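Note sheet for the following structure.
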Amino acid sequence: MIVRNIKDVIGTKDEIKTATWTSRRMLLRKDGMGFSFHETVIYPGTETHIHYQNHFEAVYVVEGDGEIETIADGKKYKLEPGVMYALNEHDEHWLRGGKEPMRVICVFNPPLTGSEVHDDKGVYPLVTEDEPEIKEIA
Ligand code: 9YT
């Protein structure tokens, strides 16, 4: 079993900071679960262009506020505690922070390796080599 405390991730190489968000990566590809699991804080008043062409992501809001806008159709969705969104169509979008820092839990499939940040098209690279096998449940 894996048990980790967010306090043990903060300040390490698994805490990635950009101009618009901080991501604390609690489970990564090396853990062999088939997904990664992060706590991310989106900074108030910011806007991030995201297009996960190589990944699926689900996001659950636990604190704060913000907005997501899907670029293909211009639809906007309010983000607040209790809301989940899933990018099941690799949806290109704008992610906006609101008035307060927005703390979200994110799951990525396939899992991130740890150091990914968005490129200029909002994409994370796909890393597939040397992936540990997903453990079978006995
Ligand atoms: C919600 C979202 O996609 N934020 C950007 C960062 C990402 N969650 C990550 O790398 O943890």
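By convention in this document, the chains of the structure tokens carry letters A, B, ... by their order, each chain's residues are numbered from 1, and ligands are numbered from 1 in the order they are shown.
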Env. residues ligand 1 / 7 Å / only C-alpha atoms and all ligand atoms / as a list in words: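 Final answer, ordered by chain and number: Trp21, Ser23, Arg24, Arg25, His38, Glu39, Thr40, Ile42, Ile50, Val59, Val104, Cys106, Glu116 and Val117 of chain A.
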Near-Val41 in chain A list (10 Å; only C-alpha atoms; drop same-chain fewer than 6 positions) as a ChimeraX atom specification: /A:17,20-24,61,63-64,97,101-105
Produce a file of the selected residues containing N, CA and C atoms, as a PDB file, in the first residue's frame.
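And here is the file that came out, out.pdb:
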```pdb
ATOM      1  N   LYS A  17       5.642  24.247 -10.050  1.00  0.00           N
ATOM      2  CA  LYS A  17       5.008  25.573 -10.008  1.00  0.00           C
ATOM      3  C   LYS A  17       5.138  26.271 -11.355  1.00  0.00           C
ATOM      4  N   THR A  20       0.634  30.148 -13.362  1.00  0.00           N
ATOM      5  CA  THR A  20      -0.812  30.130 -13.137  1.00  0.00           C
ATOM      6  C   THR A  20      -1.276  29.022 -12.179  1.00  0.00           C
ATOM      7  N   TRP A  21      -0.434  28.051 -11.896  1.00  0.00           N
ATOM      8  CA  TRP A  21      -0.837  26.964 -10.997  1.00  0.00           C
ATOM      9  C   TRP A  21       0.355  26.295 -10.332  1.00  0.00           C
ATOM     10  N   THR A  22       0.053  25.634  -9.228  1.00  0.00           N
ATOM     11  CA  THR A  22       1.013  24.744  -8.562  1.00  0.00           C
ATOM     12  C   THR A  22       0.390  23.363  -8.513  1.00  0.00           C
ATOM     13  N   SER A  23       1.172  22.349  -8.890  1.00  0.00           N
ATOM     14  CA  SER A  23       0.665  20.975  -8.901  1.00  0.00           C
ATOM     15  C   SER A  23       1.521  20.103  -7.997  1.00  0.00           C
ATOM     16  N   ARG A  24       0.860  19.451  -7.057  1.00  0.00           N
ATOM     17  CA  ARG A  24       1.559  18.543  -6.125  1.00  0.00           C
ATOM     18  C   ARG A  24       1.209  17.127  -6.531  1.00  0.00           C
ATOM     19  N   VAL A  61     -13.261  19.801  -7.885  1.00  0.00           N
ATOM     20  CA  VAL A  61     -12.978  21.046  -7.160  1.00  0.00           C
ATOM     21  C   VAL A  61     -13.302  20.854  -5.675  1.00  0.00           C
ATOM     22  N   GLU A  63     -12.076  23.436  -3.294  1.00  0.00           N
ATOM     23  CA  GLU A  63     -12.023  24.738  -2.610  1.00  0.00           C
ATOM     24  C   GLU A  63     -11.850  25.842  -3.650  1.00  0.00           C
ATOM     25  N   GLY A  64     -12.420  27.008  -3.380  1.00  0.00           N
ATOM     26  CA  GLY A  64     -12.208  28.160  -4.252  1.00  0.00           C
ATOM     27  C   GLY A  64     -13.174  28.188  -5.418  1.00  0.00           C
ATOM     28  N   GLY A  97      -8.821  30.933 -13.081  1.00  0.00           N
ATOM     29  CA  GLY A  97      -8.978  31.071 -11.644  1.00  0.00           C
ATOM     30  C   GLY A  97      -9.967  32.189 -11.357  1.00  0.00           C
ATOM     31  N   PRO A 101      -8.040  31.276  -4.480  1.00  0.00           N
ATOM     32  CA  PRO A 101      -7.288  30.142  -5.023  1.00  0.00           C
ATOM     33  C   PRO A 101      -8.223  28.933  -5.150  1.00  0.00           C
ATOM     34  N   MET A 102      -8.138  28.244  -6.265  1.00  0.00           N
ATOM     35  CA  MET A 102      -9.016  27.086  -6.494  1.00  0.00           C
ATOM     36  C   MET A 102      -8.182  25.812  -6.339  1.00  0.00           C
ATOM     37  N   ARG A 103      -8.561  25.012  -5.341  1.00  0.00           N
ATOM     38  CA  ARG A 103      -7.824  23.763  -5.078  1.00  0.00           C
ATOM     39  C   ARG A 103      -8.615  22.614  -5.683  1.00  0.00           C
ATOM     40  N   VAL A 104      -7.948  21.846  -6.529  1.00  0.00           N
ATOM     41  CA  VAL A 104      -8.616  20.752  -7.239  1.00  0.00           C
ATOM     42  C   VAL A 104      -7.798  19.471  -7.095  1.00  0.00           C
ATOM     43  N   ILE A 105      -8.484  18.340  -7.236  1.00  0.00           N
ATOM     44  CA  ILE A 105      -7.831  17.037  -7.301  1.00  0.00           C
ATOM     45  C   ILE A 105      -7.914  16.575  -8.747  1.00  0.00           C
TER      46      ILE A 105
END
```
Please report the interatomic distance between CA of Glu15 in chain A and CA of Lys121 in chain A in Å with one decimal.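 These two atoms are separated by 22.0 Å.
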Just asking: which residues within range 3-124 of chain A are strand (DSSP E) according to DSSP, as a VMD selection string? chain A and resid 15 to 17 21 to 27 36 to 42 47 to 50 56 to 63 66 to 70 76 to 79 84 to 86 93 to 97 102 to 109
Have a look at A:Arg96, A:His90, A:Lys13, A:His55 and name the one nearest to Lys76 in chain A; count only C-alpha atoms.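 Result for the nearest residue to Lys76 in chain A: A:Arg96.
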